[in-house]
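Contents: one structure, followed by commentary.
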Amino acid sequence: MNIQLPDLRGEVVHNAPLAPYTTLKIGGPADVLFIPADADDLATFWQWQATQNIPVTILGQGSNILVADAGIRGVVVHLGNTLANVTVNDTEITAQAGATCGKVARAARSASLSGLAFFGGIPGSVGGAVRMNAGAYGGETFQRVKNLEVLNDKGQHHTLTPADLNVVYRNSNLPIGWLVLSATFQLEHGDAAEIKEQMRQVNTNRRTSQPLHLPSSGSWFKNVTTADGTFHKAWQLTDSINARGWQIGDAAVSEQHANFFVNLGDARADDMLELSRRVEKAILEQHGIAMELEVKLLGEHNIEKNSDAGK
């Protein structure tokens, strides 16, 4: 796809490999990769793309996604390091969309503000956490969101509050085509030693329970609440079929955490999806429960969802 972007100040790379920008280290190239210089540069691009018929994909820290082996058509916007400012104002913290959740949690700890220790257990960016209402260790993003600064699908600025959105488990229901610029979190003054200990526990739990030494996307499947109201943790369902160590190519179910799919070296997206379908089918056959991916599929993947596993 031949794409000519407008005059921008950020970095523009054609046919850019995307694997280095994802935590799974998997994925083919983007037609165009755009790394904005700052929020104004991003706004210029967003207003331009609203007038074009070009697919646009947003990447933050690259967690919670699986990029297709064929890559992503159109423009991929990487917010990463250039839109990552975090500021503290009394009991409020405002973070740009590209800031890591860990950076926000550490800022809260430094300011002795309580309520975001769990954020240190989320390996993604603020923009991604907001869009999917990410959670960890009993906390969810929107429990602490005061407001959002966003661009709509026409490139116009808006301020939204949680009341403006239909926020549910792992989904903010932010309208398609809208872009998060920053989020402001409402916290409380707390005891510095207690907050430090909470974050230490989160970091210890991550280090001891998750395969941090291997590329992964974070949790692979969503937790499930069945029609009878029973809550099922995804890792327990995956563990119940003895899936730890299952492997296709270099894609594997982690031996350490049954809801983490890891890249052992040179895994392909197709390998990951084939392995996922195998796990889904086994859970469906054994428990009658249909699993739903927490990881987002980006690009055109070759393997369609197994019809049996999706029912």
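Ligands are numbered from 1 in the order shown, chains are lettered A, B, ... in the order of the structure tokens, and residues start at 1 in each chain.
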DSSP on the backbone: which residues in range 74-293 of chain A end up as strand (DSSP E)? Give the answer as a compact mmCIF listing (two decimals) with C-alpha atoms, in the first residue's frame.
# COMPACT_ATOMS: atom_id res chain seq x y z
CA GLY A 74 -2.07 0.98 6.61
CA VAL A 75 -0.40 3.15 9.26
CA VAL A 76 0.70 1.92 12.66
CA VAL A 77 1.15 4.70 15.22
CA HIS A 78 3.57 3.90 18.02
CA VAL A 86 3.42 11.60 33.97
CA THR A 87 2.58 14.56 36.25
CA VAL A 88 1.31 14.70 39.84
CA ASN A 89 -1.03 17.43 41.12
CA GLU A 92 -4.34 13.47 40.94
CA ILE A 93 -1.95 11.89 38.46
CA THR A 94 -2.18 12.66 34.73
CA ALA A 95 -0.40 10.32 32.35
CA GLN A 96 -0.05 10.45 28.58
CA LEU A 113 -0.70 8.33 46.87
CA SER A 114 -2.66 5.13 47.38
CA GLY A 135 -6.81 -4.98 35.67
CA ALA A 136 -4.55 -6.97 37.96
CA GLY A 139 -7.90 -3.64 40.75
CA GLU A 140 -9.24 -2.24 37.47
CA VAL A 145 -9.97 7.14 36.28
CA LYS A 146 -11.31 10.67 36.83
CA ASN A 147 -11.32 11.80 33.21
CA LEU A 148 -9.77 11.21 29.79
CA GLU A 149 -8.46 13.54 27.13
CA VAL A 150 -9.29 12.03 23.73
CA LEU A 151 -9.50 12.78 20.04
CA HIS A 157 -10.59 17.13 21.32
CA HIS A 158 -12.96 15.89 24.03
CA THR A 159 -12.83 15.38 27.78
CA LEU A 160 -14.68 12.26 28.92
CA LEU A 179 -7.89 7.98 20.50
CA VAL A 180 -6.80 8.34 24.12
CA LEU A 181 -4.30 11.16 24.63
CA SER A 182 -4.07 11.05 28.42
CA ALA A 183 -5.83 9.87 31.54
CA THR A 184 -6.18 11.53 34.95
CA PHE A 185 -6.41 9.26 37.99
CA GLN A 186 -8.00 10.27 41.30
CA GLU A 188 -5.80 9.51 48.05
CA HIS A 189 -2.95 10.43 50.34
CA SER A 216 4.56 -13.01 26.17
CA SER A 217 1.54 -10.77 25.70
CA GLY A 218 0.34 -11.02 29.30
CA SER A 219 -2.85 -12.95 30.10
CA VAL A 224 -15.22 -16.37 32.42
CA THR A 225 -18.55 -16.01 34.21
CA PHE A 231 -16.86 -17.31 38.01
CA HIS A 232 -13.94 -19.21 36.44
CA GLN A 247 3.82 -26.42 22.22
CA ILE A 248 3.45 -25.78 18.50
CA ALA A 251 4.73 -21.12 20.67
CA ALA A 252 4.06 -22.65 24.08
CA VAL A 253 1.76 -22.53 27.08
CA PHE A 260 0.48 -17.14 29.57
CA PHE A 261 1.41 -18.13 26.01
CA VAL A 262 5.11 -17.58 25.42
CA ASN A 263 7.53 -17.28 22.52
For this session: Would you mind listing what lies within 6 Å of Gly71 in chain A as a PyMOL selection string, with only C-alpha atoms counted and same-chain residues fewer than 4 positions away left out?
Result: chain A and resi 27-30+299
Exercise. Which residues, written as a count of residues only, have at least one atom at most 10 Å from Ser63 in chain A, with only C-alpha atoms counted and residues fewer than 5 positions away on the same chain left out?
Worked result: 17
Exercise. Of the candidates A:Ala129, A:Leu83, A:Leu174, A:Ala234, which one gets nearest to Pro162 in chain A if we count only C-alpha atoms?
Worked result: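 When distances to Pro162 in chain A are compared using only C-alpha atoms, the smallest one comes from A:Leu174.
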For this session: Could you check how far CA of Trp178 in chain A sits from CA of Gly155 in chain A, in Å to one decimal?
Result: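 Between these atoms lies a distance of 8.3 Å.
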Range 31-247 of chain A: which residues are alpha helix (DSSP H) by DSSP, as a PDB file with C-alpha atoms, in the first residue's frame?
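To be explicit, this is the file written out as selection11.pdb:
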ATOM      1  CA  ALA A  39       0.841  15.266  21.269  1.00  0.00           C
ATOM      2  CA  ASP A  40       0.466  18.103  18.744  1.00  0.00           C
ATOM      3  CA  ASP A  41       2.177  16.028  16.043  1.00  0.00           C
ATOM      4  CA  LEU A  42      -0.181  13.167  16.830  1.00  0.00           C
ATOM      5  CA  ALA A  43      -3.194  15.491  16.631  1.00  0.00           C
ATOM      6  CA  THR A  44      -2.052  16.721  13.218  1.00  0.00           C
ATOM      7  CA  PHE A  45      -1.868  13.149  11.976  1.00  0.00           C
ATOM      8  CA  TRP A  46      -5.206  12.196  13.549  1.00  0.00           C
ATOM      9  CA  GLN A  47      -7.001  15.107  11.896  1.00  0.00           C
ATOM     10  CA  TRP A  48      -5.445  14.146   8.552  1.00  0.00           C
ATOM     11  CA  GLN A  49      -6.324  10.458   8.813  1.00  0.00           C
ATOM     12  CA  CYS A 101       1.383   1.554  33.820  1.00  0.00           C
ATOM     13  CA  GLY A 102       4.435   0.795  35.934  1.00  0.00           C
ATOM     14  CA  LYS A 103       5.677   4.367  35.549  1.00  0.00           C
ATOM     15  CA  VAL A 104       2.313   5.681  36.788  1.00  0.00           C
ATOM     16  CA  ALA A 105       2.354   3.301  39.765  1.00  0.00           C
ATOM     17  CA  ARG A 106       5.861   4.416  40.701  1.00  0.00           C
ATOM     18  CA  ALA A 107       4.845   8.086  40.457  1.00  0.00           C
ATOM     19  CA  ALA A 108       1.973   7.371  42.851  1.00  0.00           C
ATOM     20  CA  ARG A 109       4.360   5.619  45.241  1.00  0.00           C
ATOM     21  CA  SER A 110       6.817   8.536  45.138  1.00  0.00           C
ATOM     22  CA  VAL A 126      -1.963   3.862  29.863  1.00  0.00           C
ATOM     23  CA  GLY A 127      -3.774   4.166  26.528  1.00  0.00           C
ATOM     24  CA  GLY A 128      -4.150   0.418  26.208  1.00  0.00           C
ATOM     25  CA  ALA A 129      -5.108   0.022  29.872  1.00  0.00           C
ATOM     26  CA  VAL A 130      -7.843   2.612  29.456  1.00  0.00           C
ATOM     27  CA  ARG A 131      -9.233   1.147  26.253  1.00  0.00           C
ATOM     28  CA  MET A 132      -9.501  -2.375  27.686  1.00  0.00           C
ATOM     29  CA  ALA A 192       4.377   5.734  52.119  1.00  0.00           C
ATOM     30  CA  ALA A 193       5.629   2.526  53.742  1.00  0.00           C
ATOM     31  CA  GLU A 194       2.309   0.740  53.155  1.00  0.00           C
ATOM     32  CA  ILE A 195       2.194   1.779  49.498  1.00  0.00           C
ATOM     33  CA  LYS A 196       5.798   0.656  49.016  1.00  0.00           C
ATOM     34  CA  GLU A 197       4.951  -2.730  50.563  1.00  0.00           C
ATOM     35  CA  GLN A 198       1.870  -3.132  48.329  1.00  0.00           C
ATOM     36  CA  MET A 199       3.989  -2.524  45.240  1.00  0.00           C
ATOM     37  CA  ARG A 200       6.678  -4.879  46.512  1.00  0.00           C
ATOM     38  CA  GLN A 201       4.049  -7.594  46.852  1.00  0.00           C
ATOM     39  CA  VAL A 202       2.757  -6.945  43.323  1.00  0.00           C
ATOM     40  CA  ASN A 203       6.284  -7.149  41.916  1.00  0.00           C
ATOM     41  CA  THR A 204       7.017 -10.311  43.893  1.00  0.00           C
ATOM     42  CA  ASN A 205       3.792 -11.940  42.702  1.00  0.00           C
ATOM     43  CA  ARG A 206       4.627 -11.108  39.088  1.00  0.00           C
ATOM     44  CA  ARG A 207       8.184 -12.328  39.371  1.00  0.00           C
ATOM     45  CA  THR A 208       7.260 -15.623  41.051  1.00  0.00           C
ATOM     46  CA  SER A 209       4.101 -16.480  39.104  1.00  0.00           C
ATOM     47  CA  ALA A 234      -8.842 -18.512  32.966  1.00  0.00           C
ATOM     48  CA  TRP A 235      -5.611 -20.003  34.298  1.00  0.00           C
ATOM     49  CA  GLN A 236      -7.525 -22.609  36.294  1.00  0.00           C
ATOM     50  CA  LEU A 237      -9.503 -23.682  33.221  1.00  0.00           C
ATOM     51  CA  THR A 238      -6.315 -23.945  31.178  1.00  0.00           C
ATOM     52  CA  ASP A 239      -4.584 -25.790  34.001  1.00  0.00           C
ATOM     53  CA  SER A 240      -7.500 -28.236  34.306  1.00  0.00           C
TER      54      SER A 240
END
Exercise. With only C-alpha atoms as the basis for distance, which of A:Leu5, A:Ala267, A:Lys154, A:Val279 is at the shortest distance from Ala50 in chain A?
Worked result: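 Closest to Ala50 in chain A, using only C-alpha atoms: A:Lys154.
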Exercise. Could you pull the residues within 8 Å of Asp69 in chain A, counting only C-alpha atoms, minus those fewer than 4 positions along the same chain, as a count of residues only?
Worked result: 7
For this session: Point out the residue among A:Trp220, A:Thr226, A:Met272, A:Asp38 with the least atom-to-atom distance to Asn64 in chain A, counting only C-alpha atoms.
Result: A:Trp220
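For the atom pair formed by CA of Asn133 in chain A and CA of Gly80 in chain A, the distance is 18.9 Å, given to one decimal.
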For this session: Go ahead and compute the interatomic distance for CA of Glu274 in chain A and CA of Gly249 in chain A, in Å to one decimal.
Result: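 Computing it gives 10.0 Å between the two atoms.
If you measure from each of A:Asp90, A:Leu298, A:Gln156, A:Lys222 to Ile58 in chain A using only C-alpha atoms, the closest one turns out to be A:Leu298.
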